[in-house]
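Below is one structure, written out as structure tokens; comments come after it.
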Amino acid sequence: MKGRHFREWSVAAVLGLVLAALAVSAPDFYQPRQLAAMLTETAPILLLACGMSLVILCRQIDISVGSQFAVCGVAAGLMAQQGTPMPVVAVVSVLSGAAFGAFNGMLVAGLGLPSIVVTLATMVTWREALRWWREGEYVRDLPTGFQWFGLSQELGQGTLLAIAVCIFLGLAVALRHLAGGRYIYAVGSDAEAARLAGINPRWITFGVFVLMGALAGLAALVSAVRFPDVDPKAGTGHELRAIAAAVVGGVAITGGRGNLWGVLAGALLLAIIAPALVFWGAPPQWERAIQGGIILTAVAADGWRKRKEPR
Amino acid sequence: MKIAWKQIVWRPETLLLAVFVAEFVIFAQTGNNFTSTSNLFEIARLSVTIGLLALAMTPVILTGGIDLSVGSLLGLCAVCFGKLWRDFGLPPLLAAVCTLVIGALAGGLNAALITRLRLPPLIVTLGSYSLFRGLAEALTRGVDNFTGFPASFLFLGQGYLFGVIPAQVPIFLAAAIAIWLLVHCTVFGRSYRAIGFSPEGARFAGLPVESRIASVYLLSGVMAAVAALIYVAHVGQAKADAGSGFELLAVTAVVLGGTSIFGGVGTVQGTVLGLGVLAVLRNGLFMSDQPSELANILTGALLLFILAGGVAVEKLSALRARRSAPVPPLSHE
Amino acid sequence: MPETPLLQLERIRKSFGAVRALRGVSFELRAGEVHALLGENGAGKTTLIKVITGAHPPDDGAMYVHGKTVHALRPADAHALGIAAIYQQPALFPDLTVAENIALALEPLNPFRRVCWKTRRKRAQELLARVGAEFSEETEVRALSMPEQQLVEIAKALGSGARILIMDEPTASLTQKEVRLLLGVVRKLRIEGVGIIYISHRLEEIFEVADRVTVLRDGESLGTRALSDVNSAQLIRLMVGRDVEAIYPPAGYEPGVTMLEVERLDAPKAGVHEVSFSVRAGEILGFAGLVGAGRTELARVLFGIEPPAAGVIRLRGRPIVVRNPRDAVAHGIAYVPEDRRRHGVILEMPVAANATMAIHRRLFPRGWLRRVKEEALARDFVRELGIKTASVDSPAGTLSGGNQQKVALARWLATNPKVLILDEPTQGVDIGAKAEIHRILRTLAAEGMAIILISSDLPEVLGMSDRIAVMRGGRIVATLNGASADADAVMTAALGTTGEAAA
């Protein structure tokens with residue numbers, strides 16, 4: 001078959017081109033510090049994008065992840081403030097995310113409600129509940145063990161990236177090499193055929209939402225430790241960044257197609273726009289417009305290819 | 001007669017109306033000046049912008065689609081209007097007309113991608129959501145804020161007719177009636193439903209499926225532009241972040257109003273009612289000195305409750321009604 | 001044979017509402033045997049398979065597998081008992097590779113198990129080689145043709161180690177070469193001791209590969225014979241043998257001018273090859289043929305749903321271009337589709353809205369709905385066609401199948417078509433409604449409409465048609481006179497047992 005991973009490679013190629021162009025025109029971009037800052041900023045988005053990819057592969061969507069992210073981040077901050085040891089904070093953050101995911105999954109897989117509306121509702125609810133509770137207040141006076149896990153900035157960044165890379169690799173490998181990962185593809189590709197093959201689409205869908213929530217919790221933690229205090233408004237718009245990374249990375253919104261390597265390329269491509277604009281001296285305000293343009297180009301290209309290829 | 005009664009009671013509009021009335025009764029007790037005429041008109045004024053978006057969203061969802069780009073488009077149109085008026089020196093009327101054209105073009109972009117390339121509306125409008133907001137930010141370099149509009153224009157959003165009726169209320173009413181007529185009284189509305197229920201079935205009936213789908217996204221774009229003008233006139237300024245999150249409120253109002261997200265089922269009066277419930281909830285809680293967050297939380301909870309309730313009712317009735325006997329598989333297909 | 005049969009069915013009965021699909025079928029399958037199941041469309045073969053695979057529990061009768069009684073069989077039990085079925089419509093995952101599709105059917109269900117891609121590929125390669133497939137196991141299923149997907153299904157069944165294998169028209173869409181390979185696979189399986197229930201309309205295949213044959217007619221088994229004891233003429237007679245003419249309304253009028261003329265219409269993508277025919281005003285042209293012979297596809301081309309690659313369509317002598325259903329409607333061509341529930345009516349919408357859906361422009365010239373006018377028109381049709389419905393406001397989905405079909409018919413009659421194409425108009429319709437639909441068609445023809453009647457119901461085609469075009473493999477292979485044609489002649493042409501001379 002010609003180019004089974006054509007889609008992923010083309011995104012990677014565009015990313016490579018931008019990187020090459022930057023190397024020629026703005027070598028300063030490759031300063032380690034600059035790169036580390038960019039990558040640590042992208043790490044939470046990548047985690048969310050991985051979870052979102054699983055959800056989309058399953059032919060669902062979750063737009064409540066930004067709110068889950070915010071609640072988990074604040075919860076982690078508050079616990080750290082109380083002097084809870086960091087490992088416990090991490091576990092609770094992930095578990096609370098998983099609980100949010102389970103709530104979505106229950107409504108979507110259990111009751112068969114459309115995921116777009118369910119997660120729309122939970123997105124508003126969690127976000128506003130947080131605002132009501134915290135009244136927009138930052139979580140301050142965090143113990144020194146919170147920011148960068150109590151390490152130096154370099155070490156902290158390293159740890160953070162290591163976590164993101166491990167999770168990414170783990171998920172990418174599991175998605176490809178664990179039967180459960182393949183069931184996600186099967187359910188997203190044809191839920192009825194999956195049922196005939198003995199797979200229970202409801203449990204798979206539920207599981208995917210739980211995993212998405214857990215990843216949102218982890219991403220929130222990884223994001224929060226970058227700062228001395230926790231912003232209760234964090235994560236606004238993250239759902240769209242995650243979806244964008246997945247879609248640009250070649251995950252078909254109709255389910256069953258795509259892989260996490262493409263998502264990695266997509267996430268990096270979208271993340272690199274802002275710094276690239278800065279280095280090229282372009283107004284940084286164009287970032288979102290360019291992101292939107294990339295998303296539309298990616299889906300339009302998919303549509304074009306589908307139209308051309310015989311049924 | 002008995003059956004007719006049941007149908008009326010179980011219509012989502014009826015349930016919603018009950019919620020609406022309950023809200024009134026409660027807030028009349030708890031709120032200061034809640035039931036005063038001026039406050040009621042204030043509720044109407046605040047809900048016009050989102051209301052216009054929700055009205056146009058109704059036919060979109062009826063066809064089984066969704067338009068997530070309207071909030072961003074509102075921002076883009078607001079900024080464009082400001083720029084046309086201030087930087088290009090166009091008179092407000094001409095700038096407004098140009099803004100409407102921009103809205104139509106933006107809606108046309110969505111329509112073209114959805115019908116020509118057969119892409120899912122969810123993902124197309126998610127992309128244009130980013131694009132439109134991004135363009136608005138780019139045009140204003142993220143900081144520019146257009147203010148100082150002439151009073152004649154601001155009247156649209158701040159003035160009163162006969163001293164009591166906010167100027168935008170008649171516009172909303174006109175739009176509501178127009179869309180109600182479109183959805184309920186024309187062949188367009190009929191085909192939107194047919195497409196929402198079964199796009200293939202509509203095609204086999206010889207309906208122009210593609211152009212009908214295109215029309216709802218076009219309408220949605222134009223309506224976002226209208227909403228932008230009223231919004232700018234109301235708040236007196238045009239910034240790139242205008243209308244953030246409005247798409248979600250619009251979808252919420254529509255779904256709350258009983259329109260099925262799967263398409264086919266829904267009414268415009270339901271949307272107006274859904275909008276009313278949202279607006280009264282907000283205002284009532286505000287007048288009762290409750291935080292606005294509570295209103296939003298209740299909105300989300302109400303949406304889930306109504307959805308889950310609908311499913312529960314459906315499952316119950318499916319259990320009771322013996323589904324017509326399974327079609328005997330007489331052929332090999 | 002002293003050994004116990006693999007599978008034994010005794011007096012199986014199964015009804016769907018008022019329709020008695022199986023009325024006492026007995027059947028036996030031995031190890032190492034290819035047992036052909038033969039019958040017209042609607043004779044009950046599919047229902048019988050569903051009973052064996054546990055999809056439909058039988059109402060009455062006994063079933064033994066390996067000599068043991070089986071009660072309340074569910075699909076999972078059937079699978080465990082080594083029963084596997086291959087249907088015409090494959091249940092595959094279009095986005096996944098062939099190897100993975102096979103693997104998902106065979107591997108134990110455990111989400112935490114490690115996937116060994118090497119094993120998957122190797123096993124897929126072996127199985128694909130066994131079925132003689134020429135595509136790679138790495139191909140995505142969506143890129144495969146229908147026959148290729150069929151082969152994947154067979155590979156899946158082989159891999160599951162099925163002892164009882166049901167093949168439902170496995171060769172319906174295969175090329176000659178693929179058929180050879182497949183029959184080779186069947187023979188090999190027989191030697192391995194697998195019992196195969198082989199359903200096919202291609203008699204020559206049955207004679208080539210099967211040991212015994214059981215003929216079903218109207219839900220009854222007409223006994224089992226060894227294939228060495230019968231010839232094809234006898235089998236055809238067994239399948240169709242019944243008196244049909246009596247119940248159909250007589251024609252009794254003369255067709256008029258040529259209404260629709262089709263010349264060398266070619267749509268290879270849809271599977272229609274150089275079809276030429278004409279139909280006159282007042283004439284009913286029947287289209288007979290096996291399922292998959294290209295009749296529905298031809299209708300879709302005429303109605304503008306599938307684009308033609310070449311050929312001319314003339315309406316009253318003038319060439320017309322039909323690019324989409326709207327064009328077809330504008331030219332006066334109407335199509336009552338085969339899949340009533342998906343395409344024929346919109347189930348959720350009221351009868352009245354369904355009936356007027358194709359005439360929006362005429363009925364509502366300004367675009368405003370006019371309910372009084374619409375309901376009056378719908379009520380006229382309800383009366384004229386005898387549609388049984390509570391009111392014209394009831395959703396079409398609440399009506400019985402026959403009445404839904406009449407609503408679909410009403411929609412197109414409302415357009416005053418010159419040419420009316422009906423695709424399996426009486427499929428799944430009870431006998432009373434069926435007779436009414438036939439009466440309506442006769443009346444329409446008498447009023448001067450040109451009617452194309454696609455039907456797999458042989459007595460219907462014979463009883464209703466003035467002329468009968470028989471299709472096979474996307475071509476018209478014979479055109480018979482409706483008055484003189486009989487079931488044997490139609491079946492012979494459709495099955496292709498006597499060559500293509502008749503064309």
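Residues in the structure tokens are named by chain (A, B, ... in the order shown) and by number from 1 within that chain; ligands are numbered from 1 in the order shown.
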Would you give me, as CSV, each residue of range 227-278 of chain A having an atom within 12 Å of an atom of range 112-121 of chain B, along with its shortest atom pair and that distance in Å to one decimal, using only C-alpha atoms and sorting by chain and residue number?
residue,atom,partner,partner_atom,distance
A:Ala252,CA,B:Pro120,CA,10.2
A:Ile253,CA,B:Pro120,CA,7.8
A:Thr254,CA,B:Pro120,CA,8.0
A:Gly255,CA,B:Pro120,CA,11.7
Test item: residues at most 6 Å from range 73-77 of chain A, only C-alpha atoms, excluding those fewer than 4 positions along its chain, as number ranges by chain: A: 89, 93, 220-221
Pro170 in chain C environment, 10 Å, only C-alpha atoms, sequence neighbours closer than 4 positions dropped, as a ChimeraX atom specification: /C:86-89,147,150-151,153-154,166,174,179,182-183,198-200
Interface list for chain C, partner chain A, 6 Å threshold, only C-alpha atoms, as a PyMOL selection string: chain C and resi 91+93+95+105+111-115
Take the residues that were just selected and, keeping N, CA and C atoms, output them as a PDB file, in the first residue's frame.
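Final output, saved to part07.pdb:
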ATOM      1  N   ALA C  91     -18.936  -8.025   7.832  1.00  0.00           N
ATOM      2  CA  ALA C  91     -18.910  -7.178   9.024  1.00  0.00           C
ATOM      3  C   ALA C  91     -17.458  -6.938   9.398  1.00  0.00           C
ATOM      4  N   PHE C  93     -13.960  -4.107   9.869  1.00  0.00           N
ATOM      5  CA  PHE C  93     -13.577  -2.758  10.274  1.00  0.00           C
ATOM      6  C   PHE C  93     -12.861  -2.084   9.106  1.00  0.00           C
ATOM      7  N   ASP C  95     -11.336   0.671   8.694  1.00  0.00           N
ATOM      8  CA  ASP C  95     -10.123   1.455   8.920  1.00  0.00           C
ATOM      9  C   ASP C  95      -8.924   0.597   9.309  1.00  0.00           C
ATOM     10  N   ALA C 105     -11.053 -11.199  15.202  1.00  0.00           N
ATOM     11  CA  ALA C 105     -12.072 -12.241  15.249  1.00  0.00           C
ATOM     12  C   ALA C 105     -11.563 -13.485  15.968  1.00  0.00           C
ATOM     13  N   PRO C 111      -8.305  -7.080  27.035  1.00  0.00           N
ATOM     14  CA  PRO C 111      -7.723  -5.806  26.616  1.00  0.00           C
ATOM     15  C   PRO C 111      -6.273  -5.631  27.042  1.00  0.00           C
ATOM     16  N   PHE C 112      -5.802  -6.400  28.018  1.00  0.00           N
ATOM     17  CA  PHE C 112      -4.440  -6.169  28.504  1.00  0.00           C
ATOM     18  C   PHE C 112      -3.435  -7.144  27.907  1.00  0.00           C
ATOM     19  N   ARG C 113      -3.903  -7.902  26.921  1.00  0.00           N
ATOM     20  CA  ARG C 113      -3.019  -8.850  26.267  1.00  0.00           C
ATOM     21  C   ARG C 113      -2.114  -8.091  25.290  1.00  0.00           C
ATOM     22  N   ARG C 114      -0.892  -8.585  25.149  1.00  0.00           N
ATOM     23  CA  ARG C 114       0.018  -7.960  24.211  1.00  0.00           C
ATOM     24  C   ARG C 114      -0.314  -8.448  22.802  1.00  0.00           C
ATOM     25  N   VAL C 115      -0.269  -7.534  21.863  1.00  0.00           N
ATOM     26  CA  VAL C 115      -0.545  -7.894  20.479  1.00  0.00           C
ATOM     27  C   VAL C 115       0.764  -8.245  19.806  1.00  0.00           C
TER      28      VAL C 115
END
Within 7 Å of Asn110 in chain B using only C-alpha atoms, minus same-chain residues under 4 positions, as a ChimeraX atom specification: /B:106,114,124-125,217
What are the residues of chain C that have an atom within 7 Å of an atom of chain B, counting only C-alpha atoms, as a PDB file with N, CA and C atoms, in the first residue's frame?
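Dumped to selection33.pdb:
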ATOM      1  N   PHE C  16     -42.482 -14.236  11.843  1.00  0.00           N
ATOM      2  CA  PHE C  16     -42.273 -12.832  12.196  1.00  0.00           C
ATOM      3  C   PHE C  16     -43.631 -12.177  12.096  1.00  0.00           C
ATOM      4  N   GLY C  17     -44.254 -11.918  13.204  1.00  0.00           N
ATOM      5  CA  GLY C  17     -45.609 -11.376  13.155  1.00  0.00           C
ATOM      6  C   GLY C  17     -46.495 -12.341  12.392  1.00  0.00           C
ATOM      7  N   ASN C  41     -35.492 -16.357  -3.796  1.00  0.00           N
ATOM      8  CA  ASN C  41     -35.419 -15.301  -2.795  1.00  0.00           C
ATOM      9  C   ASN C  41     -36.691 -15.347  -1.968  1.00  0.00           C
ATOM     10  N   GLY C  42     -36.557 -15.347  -0.662  1.00  0.00           N
ATOM     11  CA  GLY C  42     -37.749 -15.358   0.176  1.00  0.00           C
ATOM     12  C   GLY C  42     -38.227 -16.747   0.532  1.00  0.00           C
ATOM     13  N   GLY C  44     -36.788 -18.674   2.602  1.00  0.00           N
ATOM     14  CA  GLY C  44     -36.518 -18.922   4.020  1.00  0.00           C
ATOM     15  C   GLY C  44     -35.075 -19.301   4.326  1.00  0.00           C
ATOM     16  N   THR C  46     -32.299 -17.444   4.459  1.00  0.00           N
ATOM     17  CA  THR C  46     -31.616 -16.540   5.384  1.00  0.00           C
ATOM     18  C   THR C  46     -32.122 -16.750   6.811  1.00  0.00           C
ATOM     19  N   THR C  47     -33.426 -16.908   6.943  1.00  0.00           N
ATOM     20  CA  THR C  47     -33.981 -17.142   8.275  1.00  0.00           C
ATOM     21  C   THR C  47     -33.410 -18.426   8.864  1.00  0.00           C
ATOM     22  N   PRO C 325     -30.883  13.354  -8.630  1.00  0.00           N
ATOM     23  CA  PRO C 325     -32.311  13.019  -8.542  1.00  0.00           C
ATOM     24  C   PRO C 325     -33.220  14.171  -8.953  1.00  0.00           C
ATOM     25  N   ARG C 326     -32.781  15.404  -8.718  1.00  0.00           N
ATOM     26  CA  ARG C 326     -33.627  16.540  -9.108  1.00  0.00           C
ATOM     27  C   ARG C 326     -33.868  16.578 -10.594  1.00  0.00           C
ATOM     28  N   VAL C 329     -36.373  13.950 -11.446  1.00  0.00           N
ATOM     29  CA  VAL C 329     -37.735  14.345 -11.095  1.00  0.00           C
ATOM     30  C   VAL C 329     -38.248  15.354 -12.119  1.00  0.00           C
ATOM     31  N   ARG C 342     -34.796   3.226   4.771  1.00  0.00           N
ATOM     32  CA  ARG C 342     -33.700   4.201   4.720  1.00  0.00           C
ATOM     33  C   ARG C 342     -33.907   5.248   3.634  1.00  0.00           C
ATOM     34  N   HIS C 343     -34.450   4.826   2.494  1.00  0.00           N
ATOM     35  CA  HIS C 343     -34.527   5.739   1.360  1.00  0.00           C
ATOM     36  C   HIS C 343     -35.946   6.063   0.914  1.00  0.00           C
ATOM     37  N   GLY C 344     -36.860   5.144   1.156  1.00  0.00           N
ATOM     38  CA  GLY C 344     -38.196   5.279   0.584  1.00  0.00           C
ATOM     39  C   GLY C 344     -39.022   6.348   1.282  1.00  0.00           C
ATOM     40  N   VAL C 345     -39.039   6.280   2.608  1.00  0.00           N
ATOM     41  CA  VAL C 345     -39.759   7.290   3.379  1.00  0.00           C
ATOM     42  C   VAL C 345     -38.824   7.753   4.496  1.00  0.00           C
ATOM     43  N   ILE C 346     -39.161   8.909   5.057  1.00  0.00           N
ATOM     44  CA  ILE C 346     -38.445   9.343   6.257  1.00  0.00           C
ATOM     45  C   ILE C 346     -39.347   8.979   7.428  1.00  0.00           C
ATOM     46  N   MET C 357     -43.012  15.297  -0.441  1.00  0.00           N
ATOM     47  CA  MET C 357     -41.615  15.709  -0.404  1.00  0.00           C
ATOM     48  C   MET C 357     -41.001  15.926  -1.782  1.00  0.00           C
ATOM     49  N   ALA C 358     -41.487  15.218  -2.778  1.00  0.00           N
ATOM     50  CA  ALA C 358     -40.883  15.356  -4.102  1.00  0.00           C
ATOM     51  C   ALA C 358     -41.550  16.445  -4.930  1.00  0.00           C
ATOM     52  N   HIS C 360     -42.335  19.701  -3.702  1.00  0.00           N
ATOM     53  CA  HIS C 360     -42.299  20.995  -3.020  1.00  0.00           C
ATOM     54  C   HIS C 360     -42.506  22.151  -3.989  1.00  0.00           C
ATOM     55  N   GLY C 367     -42.682  28.771  -1.862  1.00  0.00           N
ATOM     56  CA  GLY C 367     -41.819  28.304  -0.783  1.00  0.00           C
ATOM     57  C   GLY C 367     -42.528  28.178   0.549  1.00  0.00           C
ATOM     58  N   TRP C 368     -43.736  28.753   0.654  1.00  0.00           N
ATOM     59  CA  TRP C 368     -44.481  28.636   1.914  1.00  0.00           C
ATOM     60  C   TRP C 368     -45.206  27.307   1.944  1.00  0.00           C
ATOM     61  N   LEU C 369     -45.094  26.618   3.076  1.00  0.00           N
ATOM     62  CA  LEU C 369     -45.860  25.388   3.223  1.00  0.00           C
ATOM     63  C   LEU C 369     -47.331  25.751   3.299  1.00  0.00           C
ATOM     64  N   GLY C 428     -41.138  -7.727   1.898  1.00  0.00           N
ATOM     65  CA  GLY C 428     -41.502  -7.566   3.304  1.00  0.00           C
ATOM     66  C   GLY C 428     -42.880  -6.970   3.495  1.00  0.00           C
TER      67      GLY C 428
END
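Of the listed residues B:Trp180, B:Phe132, B:Phe155, B:Tyr192, the one whose atoms come nearest to chain A is B:Phe132, with distances taken using only C-alpha atoms.
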